[in-house]
>>> print(open('protein_22.txt').read())   # compact mmCIF, C-alpha atoms
# COMPACT_ATOMS: atom_id res chain seq x y z
CA MET A 206 -2.21 10.25 21.73
CA ARG A 207 -4.78 9.54 19.04
CA SER A 208 -3.71 10.53 15.52
CA ILE A 209 -6.04 12.69 13.43
CA TRP A 210 -4.23 12.26 10.11
CA ASN A 211 -1.81 9.75 8.60
CA GLY A 212 0.53 10.57 5.75
CA ALA A 213 4.16 11.36 5.00
CA ILE A 214 6.61 14.23 5.01
CA SER A 215 8.05 14.85 1.57
CA PHE A 216 11.66 16.00 2.06
CA GLY A 217 13.00 16.11 -1.50
CA LEU A 218 13.12 12.48 -2.58
CA VAL A 219 12.94 11.35 1.05
CA SER A 220 9.53 10.25 2.31
CA ILE A 221 8.95 10.05 6.09
CA PRO A 222 5.77 8.25 7.20
CA ILE A 223 4.20 10.20 10.06
CA LYS A 224 1.09 10.48 12.18
CA LEU A 225 -0.43 13.86 12.99
CA VAL A 226 -1.61 14.40 16.58
CA ASN A 227 -2.95 17.49 18.29
CA ALA A 228 -0.29 19.35 20.30
CA THR A 229 -2.81 21.43 22.24
CA GLU A 230 -6.03 20.81 24.15
CA SER A 231 -8.74 23.12 25.34
CA HIS A 232 -9.61 23.30 29.04
CA SER A 233 -12.46 25.74 28.55
CA ILE A 234 -15.65 24.89 30.42
CA SER A 235 -18.55 24.38 28.06
CA PHE A 236 -22.17 25.15 28.94
CA ARG A 237 -25.45 23.72 27.67
CA GLN A 238 -28.44 25.80 26.71
CA ILE A 239 -31.52 25.19 28.84
CA HIS A 240 -35.13 26.33 28.98
CA LEU A 241 -35.33 28.85 31.84
CA ALA A 242 -38.92 27.93 32.66
CA ASP A 243 -38.33 24.26 33.47
CA GLY A 244 -34.56 23.66 33.05
CA GLY A 245 -35.03 21.41 30.04
CA ARG A 246 -32.06 21.16 27.67
CA ILE A 247 -32.26 22.93 24.33
CA ARG A 248 -31.10 20.77 21.41
CA TYR A 249 -30.52 21.57 17.77
CA ARG A 250 -32.09 19.29 15.23
CA LYS A 251 -31.18 19.23 11.55
CA VAL A 252 -34.34 19.67 9.51
CA CYS A 253 -34.75 19.77 5.75
CA GLU A 254 -36.31 23.03 4.58
CA LEU A 255 -38.35 21.31 1.85
CA ASP A 256 -40.15 18.54 3.70
CA GLU A 257 -39.49 19.85 7.26
CA GLN A 258 -38.33 16.40 8.29
CA GLU A 259 -35.41 15.76 10.66
CA VAL A 260 -32.49 14.05 8.91
CA THR A 261 -29.56 11.98 10.19
CA THR A 262 -25.85 12.59 9.59
CA ALA A 263 -25.73 9.83 6.97
CA GLU A 264 -28.30 11.70 4.91
CA ILE A 265 -26.36 14.99 4.89
CA GLY A 266 -23.95 15.93 2.10
CA LYS A 267 -22.02 19.03 0.93
CA ALA A 268 -23.08 21.70 -1.53
CA TYR A 269 -21.86 25.11 -2.68
CA GLU A 270 -24.41 27.90 -2.66
CA ASP A 271 -24.18 29.98 -5.81
CA ALA A 272 -24.80 33.73 -5.88
CA ASP A 273 -28.39 33.21 -7.01
CA GLY A 274 -29.05 30.70 -4.21
CA THR A 275 -28.64 27.59 -6.33
CA MET A 276 -27.12 24.64 -4.44
CA ILE A 277 -24.33 22.83 -6.32
CA PRO A 278 -23.76 19.37 -4.72
CA ILE A 279 -20.11 18.40 -4.05
CA THR A 280 -19.37 14.81 -3.06
CA ASP A 281 -16.37 13.33 -1.28
CA GLU A 282 -15.51 11.52 -4.52
CA ASP A 283 -15.38 14.84 -6.34
CA LEU A 284 -12.91 16.22 -3.82
CA ALA A 285 -10.83 13.03 -3.84
CA SER A 286 -10.46 13.21 -7.61
CA LEU A 287 -8.85 16.66 -7.47
CA PRO A 288 -5.14 16.81 -8.44
CA LEU A 289 -4.02 17.69 -4.90
CA PRO A 290 -0.46 16.44 -4.28
CA THR A 291 -0.69 17.28 -0.59
CA ALA A 292 -3.78 15.14 0.05
CA LYS A 293 -1.70 12.69 2.07
CA THR A 294 1.63 14.46 2.08
CA ILE A 295 3.24 17.29 4.01
CA GLU A 296 5.32 18.76 1.22
CA ILE A 297 8.27 20.90 2.36
CA VAL A 298 8.76 23.79 -0.06
CA ALA A 299 11.46 25.87 1.65
CA PHE A 300 13.63 26.42 4.74
CA VAL A 301 13.62 29.94 6.17
CA PRO A 302 14.67 31.70 9.40
CA ALA A 303 11.92 31.63 12.01
CA THR A 304 11.91 35.44 12.08
CA GLU A 305 10.43 35.48 8.58
CA ILE A 306 7.21 33.88 9.82
CA ASP A 307 4.71 36.49 10.95
CA PRO A 308 3.21 35.42 14.32
CA LEU A 309 -0.16 36.63 13.01
CA GLN A 310 -0.15 33.63 10.70
CA MET A 311 0.15 31.12 13.55
CA ASP A 312 -2.78 28.72 13.83
CA ALA A 313 -3.25 25.26 15.36
CA ALA A 314 -0.23 23.24 16.51
CA TYR A 315 0.45 19.54 15.92
CA TYR A 316 3.09 16.97 16.76
CA LEU A 317 4.48 14.85 13.93
CA SER A 318 5.13 11.32 15.16
CA ALA A 319 7.22 8.79 13.24
CA ASN A 320 4.87 6.10 11.92
CA GLY A 321 6.72 2.83 12.33
CA VAL A 322 10.32 1.72 12.77
CA PRO A 323 11.45 2.45 9.16
CA ALA A 324 10.44 6.10 9.64
CA ALA A 325 12.78 6.61 12.62
CA LYS A 326 15.94 7.18 10.56
CA PRO A 327 14.66 9.81 8.08
CA TYR A 328 12.62 11.44 10.87
CA THR A 329 15.74 11.88 13.01
CA LEU A 330 17.70 13.15 9.98
CA LEU A 331 15.15 15.91 9.32
CA ARG A 332 14.98 16.82 13.00
CA GLU A 333 18.76 17.17 13.36
CA ALA A 334 19.01 19.11 10.08
CA LEU A 335 16.45 21.60 11.37
CA LYS A 336 18.34 21.94 14.65
CA ARG A 337 21.72 22.56 13.01
CA SER A 338 20.40 25.01 10.42
CA GLN A 339 18.43 26.94 13.06
CA LYS A 340 15.70 27.34 10.46
CA VAL A 341 12.10 26.23 10.08
CA ALA A 342 10.53 24.38 7.19
CA VAL A 343 7.60 25.86 5.26
CA ALA A 344 5.27 23.16 3.97
CA LYS A 345 1.92 22.56 2.33
CA TYR A 346 -0.54 19.93 3.51
CA ALA A 347 -4.23 19.09 3.17
CA LEU A 348 -6.52 18.64 6.17
CA ARG A 349 -10.29 18.56 6.51
CA GLY A 350 -10.97 19.14 2.86
CA ARG A 351 -8.65 22.05 2.15
CA GLU A 352 -5.00 22.73 1.47
CA ARG A 353 -3.16 24.53 4.21
CA LEU A 354 0.19 26.12 4.92
CA GLY A 355 2.41 24.90 7.75
CA MET A 356 5.68 25.53 9.55
CA LEU A 357 7.83 22.68 10.88
CA ARG A 358 10.17 23.24 13.83
CA VAL A 359 11.84 21.16 16.52
CA VAL A 360 10.37 21.00 20.04
CA ASP A 361 12.63 18.96 22.33
CA ASP A 362 13.12 15.75 20.30
CA VAL A 363 9.92 16.02 18.29
CA ILE A 364 9.08 17.76 15.03
CA ALA A 365 6.12 20.06 15.56
CA MET A 366 4.00 21.65 12.86
CA HIS A 367 2.12 24.92 13.19
CA GLY A 368 -0.71 25.55 10.84
CA LEU A 369 -0.29 28.92 9.14
CA LEU A 370 -2.86 31.22 7.62
CA TRP A 371 -2.26 32.08 4.00
CA PRO A 372 -0.75 35.57 3.55
CA ASP A 373 -3.94 36.85 1.89
CA GLU A 374 -5.93 35.81 4.99
CA ILE A 375 -4.13 38.39 7.15
CA ARG A 376 -6.03 41.65 7.27
CA ALA A 377 -4.21 44.98 7.09
CA PRO A 378 -4.30 46.92 10.39
CA ASP A 379 -6.03 49.93 8.82
CA GLY A 380 -7.59 52.23 11.39
CA ALA A 381 -6.23 50.30 14.37
CA ALA A 382 -3.42 52.73 15.24
CA PRO A 383 -4.18 55.97 17.17
CA GLU A 384 -5.24 58.71 14.80
CA ALA A 385 -3.97 61.57 16.98
CA ASP A 386 -0.33 62.63 16.81
CA VAL A 387 1.30 61.67 20.11
CA THR A 388 4.81 62.59 21.23
CA VAL A 389 6.51 60.26 23.69
CA ARG A 390 9.21 61.89 25.81
CA ASP A 391 12.54 60.26 26.65
CA ALA A 392 11.65 60.33 30.36
CA GLU A 393 8.52 58.28 29.66
CA LEU A 394 10.49 55.77 27.59
CA ASP A 395 13.10 55.49 30.36
CA LEU A 396 10.37 54.73 32.90
CA ALA A 397 8.80 52.18 30.56
CA ASP A 398 12.20 50.50 30.15
CA ALA A 399 12.64 50.48 33.92
CA LEU A 400 9.22 48.88 34.36
CA MET A 401 10.01 46.21 31.76
CA ALA A 402 13.33 45.46 33.46
CA THR A 403 11.66 45.28 36.88
CA LEU A 404 8.94 42.90 35.71
CA GLY A 405 11.66 40.79 34.14
CA GLU A 406 10.94 37.30 32.83
CA VAL A 407 8.36 34.74 33.87
CA ASP A 408 8.24 30.97 34.03
CA MET A 409 5.51 30.19 31.50
CA ASP A 410 4.63 26.98 33.37
CA THR A 411 3.47 29.06 36.36
CA LEU A 412 0.78 30.87 34.36
CA HIS A 413 -2.74 29.51 34.61
CA ASP A 414 -6.33 30.36 33.78
CA ASP A 415 -7.76 32.16 36.84
CA TYR A 416 -11.16 32.61 35.22
CA ARG A 417 -11.57 28.89 34.53
CA GLU A 418 -10.69 28.09 38.15
CA ALA A 419 -13.24 30.64 39.33
CA VAL A 420 -15.92 29.06 37.11
CA GLU A 421 -15.07 25.60 38.48
CA THR A 422 -15.40 26.93 42.04
CA LEU A 423 -18.72 28.52 41.14
CA ILE A 424 -20.03 25.24 39.70
CA ALA A 425 -18.90 23.31 42.77
CA SER A 426 -20.59 25.82 45.08
CA LYS A 427 -23.82 25.68 43.08
CA ALA A 428 -23.77 21.87 43.07
CA SER A 429 -23.35 21.71 46.85
CA GLY A 430 -25.95 24.39 47.48
CA GLU A 431 -23.50 26.85 49.00
CA ALA A 432 -23.74 30.58 48.39
CA MET A 433 -20.69 32.14 46.78
CA GLN A 434 -19.68 35.72 47.53
CA PRO A 435 -19.32 37.85 44.40
CA ALA A 436 -15.79 38.95 43.67
CA VAL A 437 -14.93 42.64 43.89
CA SER A 438 -14.10 43.88 40.43
CA ASP A 439 -10.93 45.91 40.04
CA GLU A 440 -11.75 48.57 37.48
CA HIS A 441 -8.97 50.19 35.48
CA GLY A 442 -9.17 52.96 32.96
CA GLY A 443 -12.57 53.53 31.41
CA GLY A 444 -13.08 57.26 31.02
CA LYS A 445 -10.25 58.34 33.29
CA VAL A 446 -7.35 60.70 32.70
CA ILE A 447 -4.10 59.24 34.06
CA ASP A 448 -0.84 60.98 34.87
CA LEU A 449 1.37 58.72 32.74
CA ILE A 450 4.69 59.58 34.39
CA ALA A 451 3.35 59.04 37.91
CA ALA A 452 1.56 55.85 36.86
CA LEU A 453 4.80 54.44 35.41
CA GLU A 454 6.75 55.36 38.55
CA ASN A 455 4.12 53.76 40.77
CA SER A 456 4.13 50.66 38.54
CA VAL A 457 7.89 50.30 38.90
CA ARG A 458 7.56 50.73 42.67
CA ALA A 459 4.78 48.13 42.91
CA ALA A 460 6.67 45.66 40.70
CA LYS A 461 9.76 45.94 42.90
CA GLU A 462 7.68 45.40 46.04
CA ALA A 463 6.06 42.34 44.46
CA ARG A 464 9.51 40.89 43.72
CA GLY A 465 10.62 41.56 47.31
CA GLU A 466 12.95 44.40 46.35
CA GLU A 467 13.21 47.68 48.19
CA PRO A 468 11.73 50.41 45.98
CA GLU A 469 13.84 53.51 45.52
CA GLU A 470 11.75 56.37 46.88
CA ALA A 471 12.47 59.49 44.89
CA GLU A 472 12.27 62.71 46.90
CA GLY A 473 8.92 64.31 46.19
CA ALA A 474 7.89 61.45 43.90
CA PRO A 475 4.43 62.19 42.50
CA VAL A 476 1.52 59.86 43.08
CA ALA A 477 -0.54 58.86 40.06
CA LYS A 478 -3.59 61.07 39.90
CA VAL A 479 -6.65 59.50 38.32
CA THR A 480 -9.45 61.92 37.56
CA SER A 481 -12.82 60.72 36.40
CA LEU A 482 -14.12 62.52 33.33
CA ALA A 483 -17.67 62.28 34.70
CA GLY A 484 -16.56 63.83 37.99
CA ARG A 485 -14.83 66.63 36.10
CA LYS A 486 -18.06 67.51 34.30
CA LYS A 487 -20.03 67.57 37.56
CA SER A 488 -17.50 69.80 39.26
CA GLY A 489 -17.91 72.30 36.45
CA GLY A 490 -21.58 72.79 37.45
CA THR A 491 -22.87 72.55 41.04
CA GLY A 492 -19.43 72.19 42.56
CA ALA A 493 -18.22 75.40 40.88
CA LYS A 494 -21.27 77.31 42.11
CA LYS A 495 -20.77 76.09 45.69
CA LYS A 496 -17.13 77.10 45.52
CA ALA A 497 -18.04 80.57 44.22
CA VAL A 498 -20.63 81.11 47.00
CA SER A 499 -18.17 79.90 49.64
CA THR A 500 -15.47 82.23 48.27
CA ALA A 501 -17.83 85.22 48.25
CA ALA A 502 -18.94 84.55 51.83
CA SER A 503 -15.36 84.24 52.98
CA THR A 504 -14.45 87.51 51.23
CA GLY A 505 -17.40 89.30 52.88
CA ARG A 506 -16.40 88.13 56.34
CA LYS A 507 -12.83 89.33 55.78
CA ALA A 508 -14.04 92.72 54.58
CA ALA A 509 -16.34 93.12 57.61
CA ALA A 510 -13.49 92.16 59.90
CA LYS A 511 -11.29 94.79 58.29
CA LYS A 512 -13.92 97.51 58.81
CA THR A 513 -14.53 96.78 62.50
CA THR A 514 -10.96 96.08 63.52
CA PRO A 515 -9.49 99.64 63.17
CA GLY A 516 -12.07 101.14 65.60
CA ARG A 517 -11.43 98.51 68.20
CA THR A 518 -7.72 98.84 67.78
CA SER A 519 -7.68 102.64 68.11
CA ALA A 520 -9.90 102.49 71.23
CA LYS A 521 -7.58 100.01 72.85
CA LYS A 522 -4.55 102.12 71.93
CA THR A 523 -6.17 105.31 73.35
CA ALA A 524 -7.05 103.63 76.64
CA ALA A 525 -3.52 102.27 76.92
CA ARG A 526 -2.02 105.69 76.25
CA SER A 527 -4.26 107.35 78.89
CA ALA A 528 -3.37 104.75 81.47
CA THR A 529 0.31 105.22 80.70
CA LYS A 530 0.08 109.01 81.05
CA SER A 531 -1.75 108.90 84.42
CA ALA A 532 0.70 106.30 85.69
CA THR A 533 3.57 108.54 84.61
CA LYS A 534 2.04 111.58 86.39
CA LYS A 535 1.55 109.62 89.60
CA THR A 536 5.11 108.33 89.44
CA THR A 537 6.47 111.86 88.87
CA ALA A 538 4.47 113.29 91.82
CA ASN A 539 5.57 110.51 94.13
CA THR A 540 9.18 111.02 93.07
CA ALA A 541 8.99 114.79 93.73
CA ALA A 542 7.44 114.26 97.16
CA ASN A 543 10.08 111.76 98.13
CA THR A 544 12.86 114.10 96.96
CA ALA A 545 11.46 117.03 98.99
CA ALA A 546 11.16 114.93 102.12
CA THR A 547 14.71 113.69 101.75
CA THR A 548 16.04 117.24 101.32
CA ALA A 549 14.16 118.45 104.43
CA LYS A 550 15.56 115.67 106.57
CA SER A 551 19.09 116.39 105.33
CA ALA A 552 18.77 120.10 106.18
CA THR A 553 17.46 119.40 109.70
CA SER A 554 20.25 116.97 110.51
CA THR A 555 23.01 119.36 109.31
CA LYS A 556 22.09 122.35 111.53
CA PRO A 557 22.84 120.75 114.99
CA ALA A 558 26.21 119.54 113.78
CA ALA A 559 27.20 123.09 112.96
CA ARG A 560 26.25 124.28 116.48
CA LYS A 561 28.41 121.63 118.15
CA THR A 562 31.55 122.41 116.16
CA SER A 563 31.51 126.17 116.45
CA PRO A 564 32.72 126.27 120.16
CA LYS A 565 35.67 124.03 119.27
CA LYS A 566 36.77 126.51 116.63
CA ARG A 567 36.52 129.37 119.12
CA ALA A 568 38.66 127.57 121.72
CA SER A 569 41.40 126.97 119.33
CA VAL A 570 41.54 130.66 118.62
>>> encode(input="protein_22.txt", output="C-alpha cells")
Amino acid sequence: MRSIWNGAISFGLVSIPIKLVNATESHSISFRQIHLADGGRIRYRKVCELDEQEVTTAEIGKAYEDADGTMIPITDEDLASLPLPTAKTIEIVAFVPATEIDPLQMDAAYYLSANGVPAAKPYTLLREALKRSQKVAVAKYALRGRERLGMLRVVDDVIAMHGLLWPDEIRAPDGAAPEADVTVRDAELDLADALMATLGEVDMDTLHDDYREAVETLIASKASGEAMQPAVSDEHGGGKVIDLIAALENSVRAAKEARGEEPEEAEGAPVAKVTSLAGRKKSGGTGAKKKAVSTAASTGRKAAAKKTTPGRTSAKKTAARSATKSATKKTTANTAANTAATTAKSATSTKPAARKTSPKKRASV
C-alpha cells in the first residue's frame, strides 16, 4: 500500500518510525457531468477573476480571505516555519479506555506501518502494551496543513489510527429529539427486546452495498443496449399511522421466519394496521356521505318491511285458523256418523240372539 505520510510515533522518549497508509477505500461509482444536448463533457477550469485567464496548478497559491474581502497570502514556507511539534510526529498524549471516545468523533482510519527494520522492536512494544492495557492511545498529529486529533488501537497485529474530530467540532443535538412527551409501555419494550434477540448478530463481512451493485448493473445494461426493468419501490412510513404493538409482533414473526425458525402464533394475534392519513381525510368527506345515505336507505327498507309484515302475517294466521276450524268440524261430523252407524249395527245384531235363547230358558223351566 502506498504511504501518504512519513513520520514517527512519539511514545515518551521512544521514537517509532512509521508510514501512514489509508485503511479504507471508497467503492462509490463516480459520474461525470455532460452537456445534455450533445453529450460533451463539462469541465471546470480555474480562471483568475482579474485578468480572466486560465491558470495552471503551479500558479495557484493559498490565501486567507479577511472579513472585508482582503486576501492575505499564506505560503508553504510560512506554514513550515510554525512551531508545530506534530508536523512529522504522532505525539501520544494519554492512554484511556476506548469507551471514553465518543463515536461521533470518529473520522478517517489509517494503518501505521513500521518504517524499516529498526522500527520493528519499539512498534511491537507499543502494540503489545496497548493489547495488555486494553486501552487506546490519544495522540496529536499534523496532516494536510492542520493539526489533528487521533486514536491509536490494535487491529490484528497492526496499530491503526482513527482521526478524531476535536471536541468543539461536535454539534449539540439541540432540537433533534422528539418534542412531544411519549410514554413507552413495558409491553412495547418487551416486544422490542424480543425483536432484537430474534434478529441477533450478523457477520459484518456478509454486508454489501446493494445500491452500488444496482448502479453497476444499470451501467452494464446501458452499455450493451439492453432495457432494464425499473425496480418496484417498497415504501415504508411516510404519512401513515402504525399500530406499534402489532408491527413489533409482526416484525418478530417475520424475523423468525427469515432465520428458519417456527414463529409462535399467539391466539388472536393482531395484524399491524397501517392507515394512510390521506385516506383518512378522504373518508371523512365523500365516503362518510355515501355511508350515511346507505344507512338511511337500509333503515327505510327495514321500516317499510316492518309496516307490511304484520298485515301479511295476520292474514296468513286467519286463513290457517279458518282451515283448522272447518277441518275440525268435518272430523267431528264424520266421527259422529261413524259412531251412530256402529251403534245401529250392534243393536240389530243383538236382537236375534235374544230370540234364539229364550226357548232354551223356557224348556229348562
>>> residues_around(input="protein_22.txt", residues="Ala314 (chain A)", least_positions_apart="2", cutoff="8 Å", atoms="all atoms listed in the file", output="list in words")
Asn227, Ala228, Thr229, Asp312, Tyr316, Ala365, Met366, His367 and Gly368 of chain A
>>> residues_around(input="protein_22.txt", residues="Leu394 (chain A)", least_positions_apart="4", cutoff="12 Å", atoms="only C-alpha atoms", output="PDB file with C-alpha atoms, in the frame of the given file")
ATOM      1  CA  THR A 388       4.810  62.590  21.230  1.00  0.00           C
ATOM      2  CA  VAL A 389       6.510  60.260  23.690  1.00  0.00           C
ATOM      3  CA  ARG A 390       9.210  61.890  25.810  1.00  0.00           C
ATOM      4  CA  ASP A 398      12.200  50.500  30.150  1.00  0.00           C
ATOM      5  CA  ALA A 399      12.640  50.480  33.920  1.00  0.00           C
ATOM      6  CA  LEU A 400       9.220  48.880  34.360  1.00  0.00           C
ATOM      7  CA  MET A 401      10.010  46.210  31.760  1.00  0.00           C
ATOM      8  CA  LEU A 449       1.370  58.720  32.740  1.00  0.00           C
ATOM      9  CA  ILE A 450       4.690  59.580  34.390  1.00  0.00           C
ATOM     10  CA  LEU A 453       4.800  54.440  35.410  1.00  0.00           C
ATOM     11  CA  GLU A 454       6.750  55.360  38.550  1.00  0.00           C
TER      12      GLU A 454
END
>>> axis_aligned_box(input="protein_22.txt", around="region 212-227 of chain A", padding_each_side="5 Å", output="lines of an AutoDock Vina configuration file")
center_x = 5.1
center_y = 12.9
center_z = 7.9
size_x = 26.1
size_y = 19.2
size_z = 30.9
>>> closest_residue(input="protein_22.txt", among="A:Ala459, A:Val420, A:Leu354, A:Val363", to="Thr403 (chain A)", atoms="only C-alpha atoms")
A:Ala459
>>> residues_near_point(input="protein_22.txt", point="(9.0, 19.8, 8.7)", cutoff="10 Å", atoms="only C-alpha atoms", output="list in words")
Ile214, Ser215, Phe216, Ile295, Glu296, Ile297, Val298, Ala299, Phe300, Leu317, Tyr328, Leu331, Arg332, Leu335, Val341, Ala342, Val343, Ala344, Lys345, Gly355, Met356, Leu357, Arg358, Val359, Ile364, Ala365, Met366 and His367 of chain A
>>> residues_near_point(input="protein_22.txt", point="(-20.5, 22.2, 2.1)", cutoff="12 Å", atoms="only C-alpha atoms", output="ChimeraX atom specification")
/A:265-271,276-281,284,349-351
>>> closest_residue(input="protein_22.txt", among="A:Glu393, A:Asp415, A:Asp408, A:Glu467", to="Ala452 (chain A)", atoms="all atoms listed in the file")
A:Glu393
>>> atom_distance(input="protein_22.txt", atom1="CA of Ile221 (chain A)", atom2="CA of Lys326 (chain A)")
8.8 Å
>>> atom_distance(input="protein_22.txt", atom1="CA of Val226 (chain A)", atom2="CA of Ala319 (chain A)")
11.0 Å
>>> atom_distance(input="protein_22.txt", atom1="CA of Gly217 (chain A)", atom2="CA of Asp373 (chain A)")
27.0 Å
>>> closest_residue(input="protein_22.txt", among="A:Gln238, A:Thr422, A:Asn211, A:Thr411", to="Gly321 (chain A)", atoms="only C-alpha atoms")
A:Asn211
>>> closest_residue(input="protein_22.txt", among="A:Leu309, A:Ala324, A:Val387, A:Leu225", to="Trp210 (chain A)", atoms="all atoms listed in the file")
A:Leu225
>>> residues_around(input="protein_22.txt", residues="Leu370 (chain A)", least_positions_apart="4", cutoff="8 Å", atoms="all atoms listed in the file", output="JSON, numbers by chain")
{"A": [310, 311, 312, 353, 354, 374, 375]}
>>> write_last_selection(input="protein_22.txt", atoms="C-alpha atoms", output="mmCIF file, in the frame of the given file")
data_model
loop_
_atom_site.group_PDB
_atom_site.id
_atom_site.type_symbol
_atom_site.label_atom_id
_atom_site.label_comp_id
_atom_site.auth_asym_id
_atom_site.auth_seq_id
_atom_site.Cartn_x
_atom_site.Cartn_y
_atom_site.Cartn_z
ATOM 1 C CA GLN A 310 -0.150 33.630 10.700
ATOM 2 C CA MET A 311 0.150 31.120 13.550
ATOM 3 C CA ASP A 312 -2.780 28.720 13.830
ATOM 4 C CA ARG A 353 -3.160 24.530 4.210
ATOM 5 C CA LEU A 354 0.190 26.120 4.920
ATOM 6 C CA GLU A 374 -5.930 35.810 4.990
ATOM 7 C CA ILE A 375 -4.130 38.390 7.150
#
